[in-house]
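What follows is a single structure, written as structure tokens, with notes after it.
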Amino acid sequence: MARRRWGIIAFLICLCLCFGPCHAFGASTADARGPISLDRTCTITINYGYDGVPFEDVTVALYKIATVSSDAQYSLTENFRVSGLVLNGVQTNGEWNVIRSTLEANIVANNIEPEAVMATNQRGQVTYEGLEPGLYLAIAGQAVQEDVTCVFASALVALPDIDEEGYWHYEVEVTAKAEVLPPVDPDEELELKVIKLWKGETDQGKRPNSVEVEVFRDGVSYDKITLSAEKNWSYSWIVPDDGAKWIVVERNVPEGYTATIEEKGTSFVLTNTLVADKPPVEPPKTGDTANIWLYIILLYVSGIVLVLMGIMGRKRKNS
């Protein structure tokens, strides 16, 4: 009887714990040990190389994408405000990659000038000093070193950066991702494709009948196309496989939508997301009423069960 009694008690304790609060800890701005010091200047060092070989004289252009507040909230700078991108609340690398490719397209399409341009030294490094806190994008592109041709992915860097213990670092060092390009064969051809997607809609009546898209080849306007439902919101074209850099951007984004661009192999996915109306702000609650009543009920049940077990135990002892 005693074993059974303690078994029931243990079950009730576990049941109460199951409904208790659960906390997950990790390196995020919410765990910062203090606010960002906006009066401090920042330094960023970017490494360019491949397989241990540094790439010298690589031209790197640096763009300031957003300012940052002391509580780590980003606001797009004037040059990038037209993109309508949402930077706060982004959690995954996939989301940041979409933001990065969208920023690249906006730079080319709108002829945005960089904050600074530098070339890598013998160690394959560039160092930018005296930067204000914020979000920056460094673009390098292709480079040749020792008969190896590499294309470097753009680097999206937050200044300052935060470590796993919640400390802010105002001097940041990163390494740009490198990809070796195979030899170019102009006789080979590529099929490039643009695909338009729509998100956040419950009524397609808000969707425009068509959208205008501009295609750039190595930073120069190549073609302007119209995507529509009649064309399945897609378009493809054939080009020589000559290593050119292709970028696609949507012009005149429909009102009420934000537009992002993602490269997937030889396809460009343009996604228009309907901006949801903000819900009304509710006053903060001082506690979780539902959980409180749940705990009270569980305590009552626990007490009743214990009383019944005590009565049954006494009856069995007296019998």
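Starting from 1 in every chain, residues are counted up; chains themselves are A, B, ... following the order of the structure tokens, and ligands are numbered from 1 as listed.
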
key: DSSP-assigned strand (DSSP E) among stretch 104-208 of chain A, expressed as a ChimeraX atom specification   = /A:116-119,125-131,134-139,141-145,148-152,155-159,161-162,168-169,171-175,178-180,189-199

Save the residues we just selected, C-alpha atoms, as an mmCIF file, in the first residue's frame?
data_model
loop_
_atom_site.group_PDB
_atom_site.id
_atom_site.type_symbol
_atom_site.label_atom_id
_atom_site.label_comp_id
_atom_site.auth_asym_id
_atom_site.auth_seq_id
_atom_site.Cartn_x
_atom_site.Cartn_y
_atom_site.Cartn_z
ATOM 1 C CA ALA A 116 33.895 52.519 -48.207
ATOM 2 C CA VAL A 117 35.943 50.449 -50.680
ATOM 3 C CA MET A 118 39.202 48.672 -49.802
ATOM 4 C CA ALA A 119 41.470 45.969 -51.241
ATOM 5 C CA GLN A 125 42.272 40.728 -45.147
ATOM 6 C CA VAL A 126 40.439 44.030 -45.152
ATOM 7 C CA THR A 127 39.866 45.976 -41.956
ATOM 8 C CA TYR A 128 37.324 48.768 -41.592
ATOM 9 C CA GLU A 129 37.748 50.906 -38.489
ATOM 10 C CA GLY A 130 35.750 53.699 -36.877
ATOM 11 C CA LEU A 131 32.372 52.262 -37.863
ATOM 12 C CA GLY A 134 24.730 48.809 -37.075
ATOM 13 C CA LEU A 135 24.298 46.149 -39.744
ATOM 14 C CA TYR A 136 26.781 46.063 -42.649
ATOM 15 C CA LEU A 137 27.106 44.181 -45.945
ATOM 16 C CA ALA A 138 30.507 43.525 -47.548
ATOM 17 C CA ILE A 139 30.559 42.548 -51.252
ATOM 18 C CA GLY A 141 32.600 39.076 -55.983
ATOM 19 C CA GLN A 142 35.106 37.099 -58.083
ATOM 20 C CA ALA A 143 38.888 37.012 -57.730
ATOM 21 C CA VAL A 144 41.839 35.060 -59.178
ATOM 22 C CA GLN A 145 44.821 33.840 -57.192
ATOM 23 C CA VAL A 148 42.242 29.586 -58.898
ATOM 24 C CA THR A 149 39.105 31.613 -59.589
ATOM 25 C CA CYS A 150 36.850 32.107 -56.587
ATOM 26 C CA VAL A 151 33.577 33.859 -56.066
ATOM 27 C CA PHE A 152 33.090 35.178 -52.544
ATOM 28 C CA ALA A 155 29.151 39.003 -45.747
ATOM 29 C CA LEU A 156 26.317 40.370 -43.613
ATOM 30 C CA VAL A 157 27.800 41.488 -40.292
ATOM 31 C CA ALA A 158 26.224 42.918 -37.139
ATOM 32 C CA LEU A 159 28.325 45.442 -35.212
ATOM 33 C CA ASP A 161 28.392 41.103 -32.229
ATOM 34 C CA ILE A 162 27.275 39.095 -29.199
ATOM 35 C CA TRP A 168 29.062 42.575 -26.813
ATOM 36 C CA HIS A 169 32.178 42.623 -29.021
ATOM 37 C CA GLU A 171 35.853 44.325 -32.831
ATOM 38 C CA VAL A 172 34.571 41.542 -35.090
ATOM 39 C CA GLU A 173 36.422 39.205 -37.463
ATOM 40 C CA VAL A 174 34.680 37.044 -40.073
ATOM 41 C CA THR A 175 35.648 34.882 -43.052
ATOM 42 C CA ALA A 178 34.442 31.065 -51.020
ATOM 43 C CA GLU A 179 33.440 28.904 -53.968
ATOM 44 C CA VAL A 180 35.858 27.796 -56.705
ATOM 45 C CA GLU A 189 24.410 27.240 -72.179
ATOM 46 C CA LEU A 190 22.387 27.883 -69.045
ATOM 47 C CA GLU A 191 18.659 28.136 -68.581
ATOM 48 C CA LEU A 192 17.846 30.869 -66.064
ATOM 49 C CA LYS A 193 14.393 31.172 -64.564
ATOM 50 C CA VAL A 194 12.360 33.695 -62.562
ATOM 51 C CA ILE A 195 9.530 32.448 -60.366
ATOM 52 C CA LYS A 196 7.045 34.695 -58.583
ATOM 53 C CA LEU A 197 5.462 33.529 -55.300
ATOM 54 C CA TRP A 198 2.770 35.174 -53.183
ATOM 55 C CA LYS A 199 2.483 34.807 -49.404
#

Neighbour list for A:Ser83 as a PyMOL selection string, cut-off 9 Å, only C-alpha atoms, skip fewer than 5 positions in-chain = chain A and resi 76+102-103+106+258-260

request  = Could you give me, as a PyMOL selection string, each residue of stretch 64-151 of chain A that DSSP assigns to alpha helix (DSSP H) when run on this structure's backbone?
outcome  = chain A and resi 93-109

Output N, CA and C atoms for every residue in the selection just made, as a short mmCIF file (atom, residue, chain, number, x, y, z; two decimals), in the first residue's frame.
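Below is the file part-v1.cif, written as the result:
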data_model
loop_
_atom_site.label_atom_id
_atom_site.label_comp_id
_atom_site.auth_asym_id
_atom_site.auth_seq_id
_atom_site.Cartn_x
_atom_site.Cartn_y
_atom_site.Cartn_z
N ASN A 93 19.36 31.07 -40.46
CA ASN A 93 20.32 31.42 -41.49
C ASN A 93 19.65 31.54 -42.85
N GLY A 94 18.64 30.70 -43.09
CA GLY A 94 17.92 30.78 -44.36
C GLY A 94 17.26 32.13 -44.55
N GLU A 95 16.67 32.66 -43.49
CA GLU A 95 16.03 33.99 -43.57
C GLU A 95 17.07 35.08 -43.83
N TRP A 96 18.22 34.96 -43.17
CA TRP A 96 19.28 35.96 -43.38
C TRP A 96 19.84 35.88 -44.79
N ASN A 97 19.91 34.66 -45.36
CA ASN A 97 20.40 34.52 -46.74
C ASN A 97 19.47 35.19 -47.73
N VAL A 98 18.16 35.08 -47.49
CA VAL A 98 17.20 35.76 -48.36
C VAL A 98 17.36 37.27 -48.25
N ILE A 99 17.55 37.76 -47.03
CA ILE A 99 17.76 39.19 -46.83
C ILE A 99 19.02 39.65 -47.55
N ARG A 100 20.07 38.85 -47.45
CA ARG A 100 21.35 39.21 -48.09
C ARG A 100 21.20 39.31 -49.61
N SER A 101 20.57 38.33 -50.23
CA SER A 101 20.42 38.37 -51.69
C SER A 101 19.49 39.51 -52.12
N THR A 102 18.50 39.82 -51.29
CA THR A 102 17.60 40.94 -51.61
C THR A 102 18.35 42.26 -51.54
N LEU A 103 19.22 42.41 -50.57
CA LEU A 103 20.03 43.63 -50.44
C LEU A 103 20.97 43.78 -51.63
N GLU A 104 21.60 42.68 -52.05
CA GLU A 104 22.49 42.73 -53.22
C GLU A 104 21.74 43.23 -54.45
N ALA A 105 20.54 42.70 -54.66
CA ALA A 105 19.75 43.12 -55.82
C ALA A 105 19.39 44.60 -55.74
N ASN A 106 19.06 45.08 -54.55
CA ASN A 106 18.71 46.50 -54.39
C ASN A 106 19.91 47.40 -54.65
N ILE A 107 21.09 46.96 -54.27
CA ILE A 107 22.30 47.75 -54.51
C ILE A 107 22.53 47.95 -56.01
N VAL A 108 22.40 46.84 -56.77
CA VAL A 108 22.61 46.92 -58.22
C VAL A 108 21.50 47.72 -58.89
N ALA A 109 20.26 47.42 -58.52
CA ALA A 109 19.11 48.04 -59.19
C ALA A 109 19.01 49.54 -58.94
#

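Omitting A:Arg207 and its sequence neighbours fewer than 4 positions away, and counting only C-alpha atoms, the residues within 10 Å are Trp198, Glu201, Asp203, Val211, Pro254, Glu255, Gly256, Tyr257, Asn272 and Leu274 of chain A.
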
Can you spit out the residues from that selection as a tab-separated table (two decimals), in the first residue's frame, using C-alpha atoms?
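Output saved as result_3.tsv:
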chain	number	residue	atom	x	y	z
A	198	TRP	CA	2.77	35.17	-53.18
A	201	GLU	CA	-2.93	36.25	-48.86
A	203	ASP	CA	-7.98	37.02	-50.90
A	211	VAL	CA	4.52	42.68	-61.93
A	254	PRO	CA	2.67	46.50	-55.20
A	255	GLU	CA	1.42	48.59	-52.30
A	256	GLY	CA	0.92	46.58	-49.13
A	257	TYR	CA	3.54	43.97	-50.06
A	272	ASN	CA	5.77	39.08	-52.43
A	274	LEU	CA	1.26	40.76	-47.93

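Between A:Ser75 and the candidates A:Glu262, A:Asn88, A:Asn111, A:Gly49, the tightest atom-to-atom separation, counting only C-alpha atoms, involves A:Asn88.
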
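Atom CA of A:Arg81 lies 25.8 Å from atom CA of A:Ser267.
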
query = Which neighbours of A:Lys245 fall inside 10 Å, counting only C-alpha atoms, when residues of the same chain fewer than 3 positions from it are skipped, and could you give them as a PyMOL selection string?
reply = chain A and resi 141-142+216-220+242
